[in-house]
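Chemist: Sending over a structure as structure tokens; questions will come in a sec.
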Amino acid sequence: MRSVDNKINLQQKDVFEELPNFNNDFFDLCIVDPPYGASTTKKWNYDGNQKLKGFGGDWKLTSEVWDLLSQNDSFQSTYFWLKELKRVIKPTGSIWIHSTYHNSGFVNVCCQLLGLEIINEVVWYKRNAFPNLSGRRLTASHETILWVHKGCEKKREYVFNYEESKAFFSSSDLLKEQGKQMRTVWDIPNNKAKEEMQFGSHPTQKPLRVTERILTIAGVKNGNLLVPFVGSGTEMVAGLKYGMTVFGFEIENEYYNLAKARLEHALQDTRTQLFQAI
Ligand SMILES: C[S@@+](CC[C@H](N)C(=O)[O-])C[C@H]1O[C@@H](n2cnc3c(N)ncnc32)[C@H](O)[C@@H]1O
């Protein structure tokens with residue numbers, strides 16, 4: 001679907017096939033929430049008993065088909081999409097990549113191999129993380145977000161809304177002081193507001209607040225935002241509300257429809273309407 005003003009460009013397609021169609025240096029910002037490769041490959045069900053080799057069986061994020069990375073191993077697919085993102089992001093732009101320990105090593109190494117400079121590693125601290133039910137390991141209560149750009153050390157051109165990031169305040173963040181520099185640990189509870197779930201939910205749906213913080217730091221009004229793995233549409237909705245033109249891909253019909261509903265609603269909120277199918 002595409003909005004009449006072309007502000008929203010959401011497609012139910014495989015992003016690996018579509019990325020090569022974009023011109024070089026087209027996007028101002030890219031926010032990636034990729035499959036973490038945390039699903040079991042043994043059997044697709046929801047009983048929570050499947051073991052994931054190397055990570056124990058207790059990290060039971062999901063048994064979603066899209067998280068299996070069956071064709072490409074995680075390293076190969078990560079390398080592929082990061083290489084393409086490096087090509088399509090502007091020198092003034094930046095890429096934000098969500099990860100957990102399942103894929104954070106791959107992402108970091110791929111960035112280094114591709115010459116993407118890591119600006120910061122952000123720790124998203126989830127104060128209200130779900131307890132570890134087996135009691136055999138610590139409660140996983142953070143995710144890692146890498147902020148990277150493609151410039152070189154001598155020519156760092158990436159957008160950093162420094163004053164906005166200093167001015168940022170959220171009453172639910174016990175670490176950020178208004179008027180003080182933004183730090184790399186963000187205290188953002190993982191719960192979603194009722195409106196974020198009103199059209200349904202996604203198993204790994206992020207709260208809008210995480211993307212809103214990213215946009216405060218690196219958003220570009222009227223710029224182009226790419227969301228390669230859309231899910232329920234969180235990053236696209238936040239980008240649209242911020243004032244960016246949003247592009248995204250979701251391969252699963254159920255999540256494509258969910259993201260579409262959320263985006264239509266967000267667009268109504270911003271007082272523009274009328275959609276046309278593409
Ligand atoms: C981690 S989830 C994104 C969740 C999202 N941040 C949210 O808040 O809802 C990743 C999504 O990527 C989709 N996906 C996986 N492989 C894909 C591909 N090759 N092309 C397009 N979408 C894909 C999955 O269906 C899944 O919904």
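In the structure tokens, each chain is lettered A, B, ... as it comes, each chain's residues begin at 1, and ligands are numbered from 1 in order of appearance.
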Go through chain A residue by residue and, counting only C-alpha atoms and all ligand atoms, keep those with an atom at most 6 Å from ligand 1; for each kept residue give the shortest atom pair and its distance in Å to one decimal, ordered by chain and increasing number, as a Markdown table.

Modeler:
```
| residue | atom | partner | partner_atom_place_in_ligand_line | distance |
| --- | --- | --- | --- | --- |
| A:Lys13 | CA | ligand 1 | 21 (C) | 5.8 |
| A:Asp14 | CA | ligand 1 | 20 (N) | 3.5 |
| A:Val15 | CA | ligand 1 | 20 (N) | 3.9 |
| A:Phe16 | CA | ligand 1 | 19 (N) | 5.4 |
| A:Asp33 | CA | ligand 1 | 1 (C) | 4.9 |
| A:Pro34 | CA | ligand 1 | 1 (C) | 4.9 |
| A:Pro35 | CA | ligand 1 | 1 (C) | 4.8 |
| A:Trp66 | CA | ligand 1 | 15 (C) | 4.7 |
| A:His202 | CA | ligand 1 | 9 (O) | 5.5 |
| A:Thr204 | CA | ligand 1 | 4 (C) | 5.2 |
| A:Gln205 | CA | ligand 1 | 8 (O) | 3.5 |
| A:Lys206 | CA | ligand 1 | 8 (O) | 3.9 |
| A:Phe229 | CA | ligand 1 | 12 (O) | 3.8 |
| A:Val230 | CA | ligand 1 | 3 (C) | 5.2 |
| A:Gly231 | CA | ligand 1 | 27 (O) | 3.4 |
| A:Ser232 | CA | ligand 1 | 9 (O) | 3.6 |
| A:Gly233 | CA | ligand 1 | 9 (O) | 5.3 |
| A:Thr234 | CA | ligand 1 | 8 (O) | 4.4 |
| A:Phe249 | CA | ligand 1 | 21 (C) | 4.9 |
| A:Glu250 | CA | ligand 1 | 22 (N) | 3.7 |
| A:Ile251 | CA | ligand 1 | 22 (N) | 4.1 |
| A:Glu252 | CA | ligand 1 | 25 (O) | 4.9 |
| A:Tyr255 | CA | ligand 1 | 27 (O) | 5.9 |
```

Chemist: Output as a count of residues only all residues of range 92-264 of chain A that backbone DSSP marks as alpha helix (DSSP H).

Modeler: 49

Chemist: Identify, on the basis of only C-alpha atoms, every residue whose closest approach to range 209-223 of chain A does not exceed 7 Å; exclude the query and any residue fewer than 5 positions from it along the same chain; express the result as an NGL selection string.

Modeler: :A and (28-29 or 159-162 or 164-165 or 235 or 238 or 242-245)

Chemist: Kindly indicate which residue among A:Thr270, A:Thr144, A:Asn190, A:Thr78 lies nearest to Cys111 in chain A, using only C-alpha atoms for the distances.

Modeler: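 Ranked by minimum distance to Cys111 in chain A, first place goes to A:Thr78.
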
Chemist: Determine which residues of range 11-254 of chain A receive a DSSP assignment of strand (DSSP E), computed from the backbone, and state them as a ChimeraX atom specification.

Modeler: /A:11,27-32,89-99,117-125,142-149,185-187,224-227,245-249

Chemist: Could you save those same residues with N, CA and C atoms as a short mmCIF file (atom, residue, chain, number, x, y, z; two decimals), in the first residue's frame?

Modeler:
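out-v4.cif, freshly written:
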```cif
data_model
loop_
_atom_site.label_atom_id
_atom_site.label_comp_id
_atom_site.auth_asym_id
_atom_site.auth_seq_id
_atom_site.Cartn_x
_atom_site.Cartn_y
_atom_site.Cartn_z
N GLN A 11 5.20 -2.58 1.61
CA GLN A 11 5.00 -3.65 0.64
C GLN A 11 5.11 -5.02 1.30
N PHE A 27 18.33 7.01 1.57
CA PHE A 27 17.66 7.11 2.87
C PHE A 27 18.44 7.98 3.86
N ASP A 28 17.66 8.68 4.70
CA ASP A 28 18.25 9.50 5.76
C ASP A 28 18.41 8.73 7.06
N LEU A 29 17.64 7.67 7.17
CA LEU A 29 17.68 6.90 8.42
C LEU A 29 17.17 5.49 8.12
N CYS A 30 17.76 4.54 8.80
CA CYS A 30 17.27 3.16 8.66
C CYS A 30 17.21 2.53 10.05
N ILE A 31 16.07 1.95 10.37
CA ILE A 31 15.92 1.28 11.68
C ILE A 31 15.62 -0.19 11.41
N VAL A 32 16.52 -1.05 11.90
CA VAL A 32 16.44 -2.47 11.58
C VAL A 32 16.13 -3.28 12.84
N ILE A 89 22.02 4.11 2.26
CA ILE A 89 21.94 5.18 3.27
C ILE A 89 22.83 6.35 2.82
N LYS A 90 22.36 7.56 3.08
CA LYS A 90 23.17 8.74 2.71
C LYS A 90 24.38 8.86 3.65
N PRO A 91 25.42 9.52 3.21
CA PRO A 91 26.57 9.74 4.11
C PRO A 91 26.15 10.52 5.36
N THR A 92 25.09 11.33 5.23
CA THR A 92 24.59 12.09 6.39
C THR A 92 23.62 11.26 7.24
N GLY A 93 23.29 10.08 6.77
CA GLY A 93 22.30 9.25 7.46
C GLY A 93 22.95 8.29 8.45
N SER A 94 22.12 7.51 9.10
CA SER A 94 22.66 6.48 10.00
C SER A 94 21.70 5.29 10.07
N ILE A 95 22.26 4.19 10.57
CA ILE A 95 21.51 2.94 10.66
C ILE A 95 21.49 2.51 12.13
N TRP A 96 20.31 2.13 12.61
CA TRP A 96 20.15 1.64 13.98
C TRP A 96 19.73 0.18 13.91
N ILE A 97 20.44 -0.68 14.63
CA ILE A 97 20.18 -2.12 14.52
C ILE A 97 19.90 -2.73 15.89
N HIS A 98 18.72 -3.31 16.02
CA HIS A 98 18.35 -3.99 17.26
C HIS A 98 18.98 -5.39 17.29
N SER A 99 19.35 -5.82 18.49
CA SER A 99 19.86 -7.19 18.61
C SER A 99 19.78 -7.70 20.05
N GLU A 117 31.09 2.47 10.62
CA GLU A 117 31.63 2.86 11.93
C GLU A 117 30.53 2.79 12.99
N ILE A 118 30.84 2.16 14.10
CA ILE A 118 29.88 2.10 15.21
C ILE A 118 29.99 3.40 16.00
N ILE A 119 28.90 4.15 16.02
CA ILE A 119 28.88 5.43 16.74
C ILE A 119 28.67 5.16 18.23
N ASN A 120 27.68 4.37 18.52
CA ASN A 120 27.38 4.00 19.91
C ASN A 120 26.74 2.63 19.97
N GLU A 121 26.93 1.98 21.09
CA GLU A 121 26.18 0.77 21.40
C GLU A 121 25.24 1.15 22.54
N VAL A 122 23.96 1.09 22.27
CA VAL A 122 22.96 1.47 23.27
C VAL A 122 22.43 0.22 23.96
N VAL A 123 22.28 0.29 25.25
CA VAL A 123 21.65 -0.80 25.99
C VAL A 123 20.24 -0.35 26.36
N TRP A 124 19.27 -1.05 25.81
CA TRP A 124 17.88 -0.77 26.17
C TRP A 124 17.56 -1.64 27.38
N TYR A 125 17.46 -1.00 28.52
CA TYR A 125 17.22 -1.70 29.78
C TYR A 125 15.71 -1.83 30.01
N HIS A 142 17.74 -6.84 28.89
CA HIS A 142 18.19 -5.75 28.01
C HIS A 142 18.31 -6.24 26.57
N GLU A 143 18.27 -5.30 25.67
CA GLU A 143 18.62 -5.56 24.27
C GLU A 143 19.70 -4.55 23.89
N THR A 144 20.41 -4.87 22.82
CA THR A 144 21.48 -3.98 22.36
C THR A 144 21.04 -3.31 21.07
N ILE A 145 21.33 -2.03 20.95
CA ILE A 145 21.03 -1.31 19.71
C ILE A 145 22.33 -0.66 19.24
N LEU A 146 22.77 -1.01 18.03
CA LEU A 146 23.98 -0.37 17.49
C LEU A 146 23.56 0.80 16.61
N TRP A 147 24.26 1.92 16.78
CA TRP A 147 24.05 3.10 15.94
C TRP A 147 25.30 3.23 15.06
N VAL A 148 25.12 3.11 13.74
CA VAL A 148 26.29 3.08 12.86
C VAL A 148 26.09 4.04 11.68
N HIS A 149 27.23 4.42 11.07
CA HIS A 149 27.16 5.27 9.87
C HIS A 149 28.24 4.84 8.89
N VAL A 185 22.59 4.06 28.10
CA VAL A 185 21.65 3.12 28.72
C VAL A 185 20.29 3.81 28.81
N TRP A 186 19.31 3.19 28.17
CA TRP A 186 17.96 3.76 28.13
C TRP A 186 17.04 2.89 28.97
N ASP A 187 16.39 3.53 29.89
CA ASP A 187 15.48 2.85 30.80
C ASP A 187 14.06 2.98 30.23
N ASN A 224 13.74 10.46 4.36
CA ASN A 224 13.28 9.10 4.03
C ASN A 224 13.76 8.11 5.09
N LEU A 225 12.80 7.35 5.61
CA LEU A 225 13.12 6.32 6.61
C LEU A 225 12.88 4.93 6.01
N LEU A 226 13.86 4.05 6.16
CA LEU A 226 13.70 2.66 5.71
C LEU A 226 13.57 1.73 6.92
N VAL A 227 12.53 0.87 6.86
CA VAL A 227 12.34 -0.16 7.89
C VAL A 227 12.32 -1.50 7.15
N THR A 245 9.06 10.34 5.42
CA THR A 245 8.45 9.46 4.43
C THR A 245 8.96 8.06 4.74
N VAL A 246 8.02 7.10 4.90
CA VAL A 246 8.44 5.80 5.42
C VAL A 246 8.31 4.69 4.37
N PHE A 247 9.32 3.83 4.33
CA PHE A 247 9.38 2.69 3.40
C PHE A 247 9.60 1.43 4.22
N GLY A 248 8.82 0.38 3.93
CA GLY A 248 9.03 -0.84 4.71
C GLY A 248 8.56 -2.08 3.99
N PHE A 249 9.11 -3.24 4.45
CA PHE A 249 8.77 -4.54 3.86
C PHE A 249 8.41 -5.53 4.95
#
```

Chemist: Could you jot down the CA of Gly115 in chain A to CA of Ser77 in chain A separation for me, Å, one decimal place?

Modeler: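 It comes out at 17.0 Å.
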